[in-house]
>>> print(open('final_29.txt').read())   # compact mmCIF, C-alpha atoms
# COMPACT_ATOMS: atom_id res chain seq x y z
CA MET A 1 124.87 120.38 196.23
CA ASN A 2 122.14 122.96 195.74
CA THR A 3 119.57 120.95 193.81
CA LEU A 4 116.43 121.59 191.78
CA SER A 5 113.48 119.91 193.49
CA PRO A 6 111.13 118.60 190.82
CA THR A 7 107.40 119.31 191.03
CA GLY A 8 104.68 117.69 188.94
CA ARG A 9 105.34 120.27 186.23
CA THR A 10 109.12 120.16 186.18
CA ARG A 11 109.71 116.42 186.62
CA ILE A 12 111.33 115.22 183.42
CA ARG A 13 109.40 112.32 181.96
CA ARG A 14 110.88 111.89 178.52
CA HIS A 15 114.61 111.27 178.20
CA SER A 16 115.09 111.64 181.94
CA GLU A 17 118.80 110.90 181.45
CA ARG A 18 119.03 114.41 179.98
CA GLY A 19 117.71 116.04 183.14
CA ARG A 20 120.07 117.91 185.44
CA ALA A 21 119.42 118.34 189.12
CA ASP A 22 122.16 120.80 190.01
CA ARG A 23 120.95 124.36 190.39
CA GLN A 24 124.24 125.55 188.90
CA ASP A 25 123.22 123.95 185.58
CA LEU A 26 120.10 126.13 185.64
CA TYR A 27 122.19 129.25 186.23
CA ASP A 28 124.60 128.27 183.45
CA VAL A 29 121.84 127.83 180.85
CA LEU A 30 120.07 131.05 181.86
CA ASP A 31 123.32 133.01 181.85
CA ALA A 32 124.34 131.66 178.42
CA GLY A 33 121.06 132.54 176.67
CA LEU A 34 120.20 135.96 175.27
CA ILE A 35 116.42 135.92 175.20
CA CYS A 36 113.72 133.82 176.80
CA HIS A 37 110.27 132.85 175.56
CA LEU A 38 107.56 133.85 178.02
CA GLY A 39 104.34 131.83 177.87
CA VAL A 40 101.19 133.43 179.22
CA VAL A 41 97.50 132.59 178.90
CA ILE A 42 95.03 135.31 177.90
CA ASP A 43 91.35 134.34 177.45
CA ASP A 44 92.31 130.65 177.33
CA VAL A 45 94.76 131.24 174.45
CA PRO A 46 98.51 130.76 174.96
CA HIS A 47 100.88 133.51 173.86
CA VAL A 48 104.62 133.05 173.53
CA LEU A 49 106.60 136.26 173.75
CA PRO A 50 110.33 136.64 173.07
CA THR A 51 111.61 138.67 175.99
CA GLY A 52 114.86 140.08 177.31
CA TYR A 53 115.90 138.97 180.76
CA GLY A 54 118.59 138.94 183.39
CA ARG A 55 119.30 136.87 186.50
CA ASP A 56 120.21 137.96 189.98
CA GLY A 57 120.65 134.98 192.30
CA ASP A 58 117.42 133.02 192.26
CA THR A 59 115.38 135.75 190.58
CA LEU A 60 114.81 136.09 186.85
CA TYR A 61 113.98 139.64 185.73
CA LEU A 62 111.94 139.97 182.54
CA HIS A 63 111.91 143.11 180.46
CA GLY A 64 109.75 143.45 177.38
CA SER A 65 112.53 144.88 175.27
CA THR A 66 110.85 143.66 172.10
CA GLY A 67 107.69 145.67 172.69
CA ALA A 68 104.34 144.12 173.61
CA ARG A 69 103.94 145.87 176.94
CA SER A 70 100.34 144.68 177.17
CA LEU A 71 101.37 141.01 177.03
CA MET A 72 103.95 141.69 179.73
CA ALA A 73 101.21 143.24 181.86
CA ALA A 74 99.07 140.14 181.32
CA ALA A 75 101.84 138.02 182.86
CA GLU A 76 101.69 139.80 186.23
CA ASP A 77 100.73 137.55 189.11
CA VAL A 78 99.44 134.68 186.96
CA GLU A 79 101.05 131.32 186.16
CA VAL A 80 103.62 131.63 183.39
CA CYS A 81 106.25 129.40 181.84
CA VAL A 82 109.59 130.79 180.76
CA ALA A 83 111.84 128.78 178.43
CA VAL A 84 115.46 129.47 177.54
CA THR A 85 116.85 127.21 174.82
CA LEU A 86 120.33 127.03 173.34
CA VAL A 87 120.81 124.93 170.22
CA ASP A 88 124.28 123.34 170.27
CA GLY A 89 124.16 121.06 167.27
CA ILE A 90 122.22 119.12 164.68
CA VAL A 91 122.55 115.41 165.33
CA MET A 92 122.63 113.50 162.06
CA ALA A 93 121.98 109.78 162.23
CA ARG A 94 121.80 106.95 159.72
CA SER A 95 118.00 106.90 159.95
CA VAL A 96 115.42 109.70 159.90
CA PHE A 97 114.09 108.47 163.23
CA ASN A 98 117.36 109.01 165.13
CA HIS A 99 117.97 112.55 163.93
CA SER A 100 118.00 114.89 166.90
CA MET A 101 119.43 118.10 168.26
CA ASN A 102 121.97 118.88 170.92
CA TYR A 103 120.67 121.58 173.19
CA ARG A 104 120.59 123.13 176.64
CA SER A 105 117.10 123.93 177.82
CA ALA A 106 115.77 125.58 180.98
CA MET A 107 112.13 125.86 181.93
CA VAL A 108 110.79 127.96 184.81
CA TYR A 109 107.24 128.03 186.17
CA GLY A 110 105.84 130.64 188.52
CA ARG A 111 103.92 133.86 189.03
CA PRO A 112 105.89 136.97 188.06
CA VAL A 113 105.68 139.99 190.32
CA SER A 114 105.74 143.48 188.84
CA MET A 115 108.45 145.78 190.13
CA VAL A 116 106.89 148.95 191.54
CA SER A 117 109.42 151.16 193.32
CA ASP A 118 112.25 152.91 191.50
CA GLU A 119 114.74 150.82 193.48
CA GLU A 120 113.09 147.55 192.44
CA LYS A 121 112.89 148.61 188.80
CA LEU A 122 116.52 149.70 188.80
CA ALA A 123 117.64 146.39 190.33
CA GLY A 124 115.75 144.52 187.60
CA LEU A 125 116.99 146.75 184.79
CA ARG A 126 120.54 146.36 186.05
CA ALA A 127 120.24 142.56 185.92
CA VAL A 128 118.90 142.75 182.35
CA VAL A 129 121.61 145.17 181.17
CA ASP A 130 124.37 143.20 182.93
CA HIS A 131 123.09 140.10 181.13
CA LEU A 132 122.66 141.50 177.61
CA ALA A 133 125.35 144.15 177.60
CA PRO A 134 127.80 143.46 180.44
CA GLY A 135 129.85 146.52 181.39
CA GLN A 136 127.37 149.00 179.92
CA TRP A 137 125.67 149.87 183.20
CA ASP A 138 128.76 151.64 184.52
CA VAL A 139 129.25 153.89 181.48
CA LEU A 140 125.64 155.09 181.09
CA ARG A 141 124.04 158.13 182.63
CA PRO A 142 121.54 157.40 185.43
CA THR A 143 118.03 156.43 184.33
CA ASN A 144 115.61 159.29 184.97
CA ARG A 145 112.19 159.17 186.61
CA LYS A 146 110.29 159.57 183.36
CA GLU A 147 112.11 156.57 181.86
CA LEU A 148 111.53 154.50 185.00
CA ALA A 149 107.81 155.32 184.95
CA ALA A 150 107.62 154.01 181.36
CA THR A 151 109.52 150.82 182.22
CA SER A 152 107.93 147.57 183.30
CA VAL A 153 110.04 144.84 184.86
CA LEU A 154 108.73 141.51 186.10
CA ALA A 155 110.52 139.34 188.67
CA LEU A 156 110.11 135.56 188.57
CA SER A 157 111.42 133.24 191.27
CA LEU A 158 113.59 130.35 190.09
CA ALA A 159 112.08 128.06 192.76
CA GLU A 160 110.31 125.81 190.25
CA ALA A 161 112.56 125.01 187.33
CA SER A 162 114.03 122.18 185.28
CA VAL A 163 117.03 121.76 183.01
CA LYS A 164 117.60 119.36 180.12
CA ILE A 165 120.84 118.96 178.22
CA ARG A 166 121.58 116.72 175.25
CA THR A 167 125.14 116.21 174.02
CA GLY A 168 127.01 113.79 171.79
CA PRO A 169 126.29 111.80 168.65
CA SER A 170 123.09 110.03 167.65
CA ALA A 171 121.67 106.98 169.38
CA ASP A 172 121.79 104.94 166.19
CA GLU A 173 121.48 101.25 166.88
CA GLU A 174 122.16 99.99 163.43
CA ASP A 175 125.02 100.58 161.09
CA ALA A 176 123.78 101.62 157.66
CA PRO A 177 126.85 100.90 155.56
CA GLY A 178 128.44 103.98 154.03
CA VAL A 179 126.12 106.55 155.62
CA TRP A 180 127.89 109.32 157.53
CA SER A 181 126.76 110.07 161.06
CA GLY A 182 127.78 112.85 163.40
CA VAL A 183 127.02 116.29 164.77
CA LEU A 184 126.98 119.64 163.00
CA PRO A 185 127.81 122.02 165.87
CA VAL A 186 125.79 125.23 166.12
CA ARG A 187 127.11 128.27 167.93
CA GLN A 188 125.96 131.81 168.62
CA VAL A 189 128.76 134.30 167.98
CA PHE A 190 129.24 138.03 168.39
CA GLU A 191 130.63 139.81 165.35
CA PRO A 192 132.60 143.09 165.29
CA PRO A 193 130.49 146.01 166.60
CA VAL A 194 128.84 148.42 164.17
CA PRO A 195 128.94 152.02 165.45
CA ASP A 196 125.81 154.14 165.23
CA PRO A 197 126.28 156.23 162.02
CA GLU A 198 125.29 159.33 163.99
CA LEU A 199 127.98 158.76 166.59
CA PRO A 200 130.42 161.70 166.68
CA GLY A 201 133.88 160.83 165.38
CA GLY A 202 136.63 159.88 167.80
CA ILE A 203 134.55 157.70 170.12
CA ALA A 204 136.18 154.28 170.07
CA VAL A 205 134.42 150.97 170.72
CA PRO A 206 134.78 150.45 174.49
CA ALA A 207 136.91 147.54 175.69
CA HIS A 208 133.99 145.75 177.38
CA VAL A 209 132.15 145.66 174.03
CA ALA A 210 135.18 144.71 171.92
CA ALA A 211 135.98 141.90 174.37
CA ARG A 212 132.76 140.09 173.51
CA VAL A 213 133.55 139.65 169.82
CA THR A 214 134.05 135.97 169.08
CA ARG A 215 135.21 136.16 165.49
CA MET B 1 101.74 140.73 147.01
CA ASN B 2 100.69 137.75 149.11
CA THR B 3 100.01 139.43 152.44
CA LEU B 4 99.47 138.44 156.06
CA SER B 5 95.96 139.48 157.11
CA PRO B 6 96.06 140.56 160.74
CA THR B 7 93.51 139.24 163.23
CA GLY B 8 92.89 140.52 166.75
CA ARG B 9 95.71 138.28 167.95
CA THR B 10 98.28 139.04 165.29
CA ARG B 11 97.73 142.78 164.81
CA ILE B 12 100.92 144.46 165.96
CA ARG B 13 100.16 147.09 168.56
CA ARG B 14 103.59 148.01 169.90
CA HIS B 15 106.23 149.28 167.49
CA SER B 16 103.93 148.71 164.53
CA GLU B 17 106.68 150.10 162.26
CA ARG B 18 108.47 146.80 162.88
CA GLY B 19 105.59 144.74 161.52
CA ARG B 20 105.85 143.12 158.11
CA ALA B 21 102.82 142.33 155.98
CA ASP B 22 104.47 140.30 153.22
CA ARG B 23 103.97 136.55 153.58
CA GLN B 24 107.47 136.05 152.16
CA ASP B 25 108.88 137.70 155.32
CA LEU B 26 107.10 135.03 157.37
CA TYR B 27 108.62 132.28 155.23
CA ASP B 28 112.08 133.84 155.50
CA VAL B 29 111.99 134.00 159.31
CA LEU B 30 110.62 130.46 159.66
CA ASP B 31 113.16 129.07 157.20
CA ALA B 32 116.07 130.83 158.93
CA GLY B 33 115.27 129.55 162.44
CA LEU B 34 116.25 126.13 163.78
CA ILE B 35 113.73 125.55 166.56
CA CYS B 36 110.41 127.05 167.52
CA HIS B 37 108.82 127.51 170.93
CA LEU B 38 105.38 125.90 171.11
CA GLY B 39 102.99 127.38 173.66
CA VAL B 40 100.15 125.17 174.87
CA VAL B 41 97.73 125.42 177.80
CA ILE B 42 97.24 122.40 180.08
CA ASP B 43 94.93 122.78 183.10
CA ASP B 44 95.04 126.58 182.75
CA VAL B 45 98.85 126.60 182.94
CA PRO B 46 100.95 127.66 179.94
CA HIS B 47 103.79 125.42 178.81
CA VAL B 48 106.49 126.52 176.39
CA LEU B 49 108.20 123.68 174.58
CA PRO B 50 111.28 123.97 172.33
CA THR B 51 110.38 121.98 169.25
CA GLY B 52 111.87 121.03 165.90
CA TYR B 53 109.90 122.07 162.85
CA GLY B 54 109.83 122.35 159.08
CA ARG B 55 107.72 124.26 156.59
CA ASP B 56 106.03 123.10 153.42
CA GLY B 57 104.16 125.92 151.73
CA ASP B 58 101.69 127.33 154.22
CA THR B 59 101.95 124.43 156.65
CA LEU B 60 104.30 124.26 159.62
CA TYR B 61 105.13 120.73 160.74
CA LEU B 62 106.11 120.29 164.40
CA HIS B 63 108.10 117.35 165.64
CA GLY B 64 108.93 116.91 169.30
CA SER B 65 112.55 116.15 168.69
CA THR B 66 113.49 117.28 172.17
CA GLY B 67 111.26 114.71 173.87
CA ALA B 68 108.09 115.61 175.76
CA ARG B 69 105.70 113.57 173.59
CA SER B 70 102.91 114.14 176.12
CA LEU B 71 103.11 117.91 175.73
CA MET B 72 103.01 117.48 171.97
CA ALA B 73 99.90 115.36 172.35
CA ALA B 74 98.31 118.08 174.48
CA ALA B 75 98.73 120.51 171.57
CA GLU B 76 96.51 118.50 169.21
CA ASP B 77 93.42 120.34 168.08
CA VAL B 78 93.61 123.09 170.69
CA GLU B 79 94.71 126.71 170.33
CA VAL B 80 98.49 127.03 170.37
CA CYS B 81 101.01 129.78 169.72
CA VAL B 82 104.29 129.05 167.97
CA ALA B 83 107.14 131.55 168.11
CA VAL B 84 110.34 131.55 166.07
CA THR B 85 112.85 134.21 167.12
CA LEU B 86 116.23 135.06 165.65
CA VAL B 87 118.44 137.44 167.61
CA ASP B 88 120.49 139.58 165.21
CA GLY B 89 122.18 142.02 167.54
CA ILE B 90 122.40 143.78 170.85
CA VAL B 91 121.55 147.44 170.43
CA MET B 92 123.63 149.55 172.77
CA ALA B 93 122.45 153.08 173.40
CA ARG B 94 123.65 156.00 175.45
CA SER B 95 120.93 155.42 178.02
CA VAL B 96 119.67 152.25 179.73
CA PHE B 97 116.18 153.01 178.45
CA ASN B 98 117.12 152.88 174.77
CA HIS B 99 118.98 149.59 174.90
CA SER B 100 117.25 147.08 172.66
CA MET B 101 117.80 144.06 170.45
CA ASN B 102 117.72 143.53 166.73
CA TYR B 103 115.66 140.50 165.89
CA ARG B 104 113.38 138.71 163.45
CA SER B 105 110.30 137.26 165.10
CA ALA B 106 107.43 135.19 163.75
CA MET B 107 104.31 134.23 165.68
CA VAL B 108 101.71 131.74 164.50
CA TYR B 109 98.34 130.98 166.10
CA GLY B 110 96.15 128.01 165.29
CA ARG B 111 95.01 124.48 166.10
CA PRO B 112 97.57 121.82 165.14
CA VAL B 113 96.30 118.67 163.50
CA SER B 114 97.99 115.35 164.23
CA MET B 115 99.27 113.44 161.21
CA VAL B 116 97.73 109.98 161.15
CA SER B 117 98.53 108.10 157.92
CA ASP B 118 102.05 106.99 157.04
CA GLU B 119 101.95 109.31 154.03
CA GLU B 120 101.03 112.32 156.17
CA LYS B 121 103.69 111.52 158.76
CA LEU B 122 106.34 111.03 156.08
CA ALA B 123 105.44 114.37 154.44
CA GLY B 124 105.81 116.08 157.83
CA LEU B 125 109.04 114.29 158.72
CA ARG B 126 110.48 115.18 155.33
CA ALA B 127 109.73 118.87 155.91
CA VAL B 128 111.42 118.72 159.33
CA VAL B 129 114.51 116.88 158.02
CA ASP B 130 114.78 119.15 154.97
CA HIS B 131 114.69 122.12 157.34
CA LEU B 132 117.16 120.92 159.99
CA ALA B 133 119.42 118.76 157.87
CA PRO B 134 118.92 119.65 154.19
CA GLY B 135 120.13 116.91 151.85
CA GLN B 136 119.94 114.15 154.47
CA TRP B 137 116.57 112.78 153.35
CA ASP B 138 118.01 111.48 150.10
CA VAL B 139 120.89 109.56 151.70
CA LEU B 140 118.93 107.81 154.47
CA ARG B 141 117.25 104.43 154.33
CA PRO B 142 113.43 104.54 154.23
CA THR B 143 111.69 104.99 157.59
CA ASN B 144 110.07 101.73 158.69
CA ARG B 145 106.56 101.18 160.03
CA LYS B 146 107.69 100.69 163.62
CA GLU B 147 109.49 104.03 163.55
CA LEU B 148 106.50 105.75 161.94
CA ALA B 149 104.17 104.34 164.58
CA ALA B 150 106.39 105.84 167.29
CA THR B 151 106.53 109.22 165.57
CA SER B 152 104.15 112.09 166.22
CA VAL B 153 103.99 115.00 163.81
CA LEU B 154 101.65 117.97 164.11
CA ALA B 155 100.64 120.22 161.22
CA LEU B 156 99.82 123.88 161.85
CA SER B 157 98.39 126.19 159.20
CA LEU B 158 100.21 129.48 158.66
CA ALA B 159 96.90 131.28 158.06
CA GLU B 160 97.12 133.38 161.24
CA ALA B 161 100.60 134.76 161.69
CA SER B 162 102.59 137.93 162.25
CA VAL B 163 106.18 139.00 161.72
CA LYS B 164 108.22 141.67 163.47
CA ILE B 165 111.71 142.74 162.49
CA ARG B 166 113.96 145.30 164.17
CA THR B 167 117.17 146.45 162.51
CA GLY B 168 119.64 149.31 162.88
CA PRO B 169 121.08 151.36 165.72
CA SER B 170 119.35 152.66 168.83
CA ALA B 171 116.65 155.29 168.85
CA ASP B 172 118.66 157.53 171.13
CA GLU B 173 117.34 161.05 171.18
CA GLU B 174 120.08 162.65 173.18
CA ASP B 175 123.78 162.76 172.69
CA ALA B 176 125.58 161.75 175.87
CA PRO B 177 129.05 163.11 175.16
CA GLY B 178 131.73 160.47 174.86
CA VAL B 179 129.45 157.42 175.23
CA TRP B 180 129.74 154.86 172.43
CA SER B 181 126.57 153.70 170.73
CA GLY B 182 126.03 150.97 168.18
CA VAL B 183 125.11 147.37 167.55
CA LEU B 184 126.92 144.20 168.56
CA PRO B 185 125.82 141.78 165.81
CA VAL B 186 124.80 138.26 166.86
CA ARG B 187 124.90 135.37 164.43
CA GLN B 188 124.23 131.65 164.54
CA VAL B 189 126.98 129.71 162.78
CA PHE B 190 127.65 126.09 161.90
CA GLU B 191 131.08 124.79 162.88
CA PRO B 192 132.99 121.90 161.26
CA PRO B 193 131.11 118.58 161.66
CA VAL B 194 132.14 116.11 164.36
CA PRO B 195 131.88 112.49 163.14
CA ASP B 196 130.29 109.89 165.40
CA PRO B 197 133.25 108.17 167.14
CA GLU B 198 131.71 104.80 166.26
CA LEU B 199 131.54 105.62 162.57
CA PRO B 200 133.62 103.15 160.53
CA GLY B 201 136.75 104.70 159.01
CA GLY B 202 136.72 105.88 155.45
CA ILE B 203 133.28 107.51 155.47
CA ALA B 204 133.84 111.16 154.59
CA VAL B 205 131.64 114.07 155.64
CA PRO B 206 129.08 114.37 152.80
CA ALA B 207 129.17 117.49 150.64
CA HIS B 208 125.69 118.63 151.70
CA VAL B 209 126.84 118.67 155.34
CA ALA B 210 130.25 120.24 154.70
CA ALA B 211 128.56 122.98 152.63
CA ARG B 212 126.69 124.28 155.67
CA VAL B 213 129.79 125.11 157.69
CA THR B 214 130.04 128.87 158.11
CA ARG B 215 133.46 129.13 159.74
>>> encode(input="final_29.txt", output="structure tokens")
Amino acid sequence: MNTLSPTGRTRIRRHSERGRADRQDLYDVLDAGLICHLGVVIDDVPHVLPTGYGRDGDTLYLHGSTGARSLMAAAEDVEVCVAVTLVDGIVMARSVFNHSMNYRSAMVYGRPVSMVSDEEKLAGLRAVVDHLAPGQWDVLRPTNRKELAATSVLALSLAEASVKIRTGPSADEEDAPGVWSGVLPVRQVFEPPVPDPELPGGIAVPAHVAARVTR
Amino acid sequence: MNTLSPTGRTRIRRHSERGRADRQDLYDVLDAGLICHLGVVIDDVPHVLPTGYGRDGDTLYLHGSTGARSLMAAAEDVEVCVAVTLVDGIVMARSVFNHSMNYRSAMVYGRPVSMVSDEEKLAGLRAVVDHLAPGQWDVLRPTNRKELAATSVLALSLAEASVKIRTGPSADEEDAPGVWSGVLPVRQVFEPPVPDPELPGGIAVPAHVAARVTR
């Protein structure tokens, strides 16, 4: 089994029974998320930046698709923390104290490296597009040099990472008579695509987009 | 209009057209999210912690429902950044470069204060429960002193905050013939509740829980 080797920062101290040591669990959480939250320190102040990403093997590529290029630049070659969190349910117990959430959570620590060459940038962009919009890469025109020059992609090794997963009902110890207890499942779904109003008529939604719709 | 007054940290530099100045937009994003990501610096290293929260007026209450009490403790009285992000869609363009995401994003900076008295803790817990599980507070037995002693709640002022919202299709400038362009909407839904298997028979799902189901 390809395992995650805990360091002082990624060893799970609280609720260690929720920790997962299999590297595949890390891949699964990262691949299931849509955005990550990138933590970076600037002048002693933490900043948390929602960021698009993609994974290729043991490398996480970060792309500041939500703007904030300057914060992305500040994350180059310094210690960062990247969190990907999926909420799976609200755990309702018989007491306030035992309320909880079901979730899958990945945390990665490391020093991101900025992609410099066109080839590096393209590899990173491809990972991000394949993650957020699988199938799109093959139908798009090639990215031009001007676009590449304006693009910043960071690569972060997945060497130092941890995964926590909580499932199931509450850990209620008592039985408060008559009070319901259980989980309200939460799920992220894709709804039917909305074409760009300026799209010329006759261009149908491509199969790889339609296939993602979950309702 | 009750507005957000930008500081050096919350002034929106990139895509300023996406910034919102109305404080109500901040409330709407915070109230629509389920978890926040709390950024805190420990020994010069940023940590990003998924955290449950609730809002009461201009105070955000943070509760470490996902464990990691020690990280919560490290956030007391030091500068933190809290991000709440809702992904609303994947914006597919005709070029790689113009791919984007629709989202609502709130960012809050400040120094969280730890709740000390039972009254303070209960006020914070109530905000968190009302946010994550509205209606539950009224059906649960009172929280006891032992539980309160084991509970840590942080309060963060919403004085320094910013909001960014992106909507609509891509900003494609060119028309790549035949390539589809549009938005794949993303939505977080609540599925039918799953009762705790150890729940005694005859206890029905309460109306305030059933009412949240979106599909």
>>> closest_residue(input="final_29.txt", among="A:Ile42, A:Val194, A:Ala73, A:Val186", to="B:Arg212", atoms="all atoms listed in the file")
A:Val186
>>> residues_near_point(input="final_29.txt", point="(124.1, 151.1, 163.1)", cutoff="8 Å", atoms="all atoms listed in the file", output="mmCIF file with C-alpha atoms, in the frame of the given file")
data_model
loop_
_atom_site.group_PDB
_atom_site.id
_atom_site.type_symbol
_atom_site.label_atom_id
_atom_site.label_comp_id
_atom_site.auth_asym_id
_atom_site.auth_seq_id
_atom_site.Cartn_x
_atom_site.Cartn_y
_atom_site.Cartn_z
ATOM 1 C CA VAL A 194 128.840 148.420 164.170
ATOM 2 C CA PRO A 195 128.940 152.020 165.450
ATOM 3 C CA ASP A 196 125.810 154.140 165.230
ATOM 4 C CA PRO A 197 126.280 156.230 162.020
ATOM 5 C CA GLY B 168 119.640 149.310 162.880
ATOM 6 C CA PRO B 169 121.080 151.360 165.720
ATOM 7 C CA SER B 170 119.350 152.660 168.830
ATOM 8 C CA GLY B 182 126.030 150.970 168.180
ATOM 9 C CA VAL B 183 125.110 147.370 167.550
#
>>> closest_atom_pairs(input="final_29.txt", of="chain B", to="chain A", cutoff="7 Å", atoms="only C-alpha atoms", output="CSV")
residue,atom,partner,partner_atom,distance
B:Arg14,CA,A:Ala68,CA,5.4
B:His15,CA,A:Gly67,CA,6.5
B:Gly39,CA,A:Pro46,CA,5.8
B:Val40,CA,A:Pro46,CA,5.8
B:Val41,CA,A:Pro46,CA,6.1
B:Val45,CA,A:Glu79,CA,6.1
B:Pro46,CA,A:Gly39,CA,5.8
B:His47,CA,A:Cys81,CA,5.6
B:Val48,CA,A:Gly39,CA,5.9
B:Pro50,CA,A:Thr85,CA,6.9
B:Ser65,CA,A:Ser100,CA,5.9
B:Gly67,CA,A:Arg14,CA,5.5
B:Ala68,CA,A:Arg14,CA,5.4
B:Glu79,CA,A:Val45,CA,6.1
B:Val80,CA,A:Pro46,CA,5.9
B:Cys81,CA,A:His47,CA,5.6
B:Val82,CA,A:Val48,CA,6.9
B:Ala83,CA,A:Val48,CA,6.2
B:Thr85,CA,A:Pro50,CA,6.9
B:Arg94,CA,A:Leu140,CA,6.0
B:Ser95,CA,A:Leu140,CA,5.6
B:Val96,CA,A:Thr143,CA,6.4
B:Phe97,CA,A:Glu147,CA,6.4
B:Ser100,CA,A:Ser65,CA,5.8
B:Leu140,CA,A:Ser95,CA,5.6
B:Arg141,CA,A:Ser95,CA,6.2
B:Thr143,CA,A:Val96,CA,6.4
B:Glu147,CA,A:Phe97,CA,6.4
B:Pro169,CA,A:Asp196,CA,5.5
B:Gly178,CA,A:Ile203,CA,6.2
B:Trp180,CA,A:Ile203,CA,6.0
B:Ser181,CA,A:Asp196,CA,5.6
B:Gly182,CA,A:Pro195,CA,4.1
B:Val183,CA,A:Val194,CA,5.1
B:Leu184,CA,A:Pro193,CA,4.5
B:Pro185,CA,A:Glu191,CA,5.2
B:Val186,CA,A:Phe190,CA,4.7
B:Arg187,CA,A:Val189,CA,5.4
B:Gln188,CA,A:Gln188,CA,4.4
B:Val189,CA,A:Arg187,CA,5.3
B:Phe190,CA,A:Val186,CA,4.7
B:Glu191,CA,A:Pro185,CA,5.2
B:Pro192,CA,A:Leu184,CA,6.7
B:Pro193,CA,A:Leu184,CA,4.5
B:Val194,CA,A:Val183,CA,5.1
B:Pro195,CA,A:Gly182,CA,4.1
B:Asp196,CA,A:Gly182,CA,4.4
B:Leu199,CA,A:Ser181,CA,6.7
B:Ile203,CA,A:Trp180,CA,6.0
B:Ala204,CA,A:Trp180,CA,6.9
B:Val205,CA,A:Trp180,CA,6.3
>>> atom_distance(input="final_29.txt", atom1="atom CA of A:Leu156", atom2="atom CA of A:Asp56")
10.5 Å
>>> closest_residue(input="final_29.txt", among="A:Asp77, A:Asp31, A:Asp58, A:Glu17", to="A:Ala161", atoms="only C-alpha atoms")
A:Asp58
>>> closest_residue(input="final_29.txt", among="B:Leu26, B:Leu4, B:Ala75, B:Ala32", to="B:Ala159", atoms="all atoms listed in the file")
B:Leu4
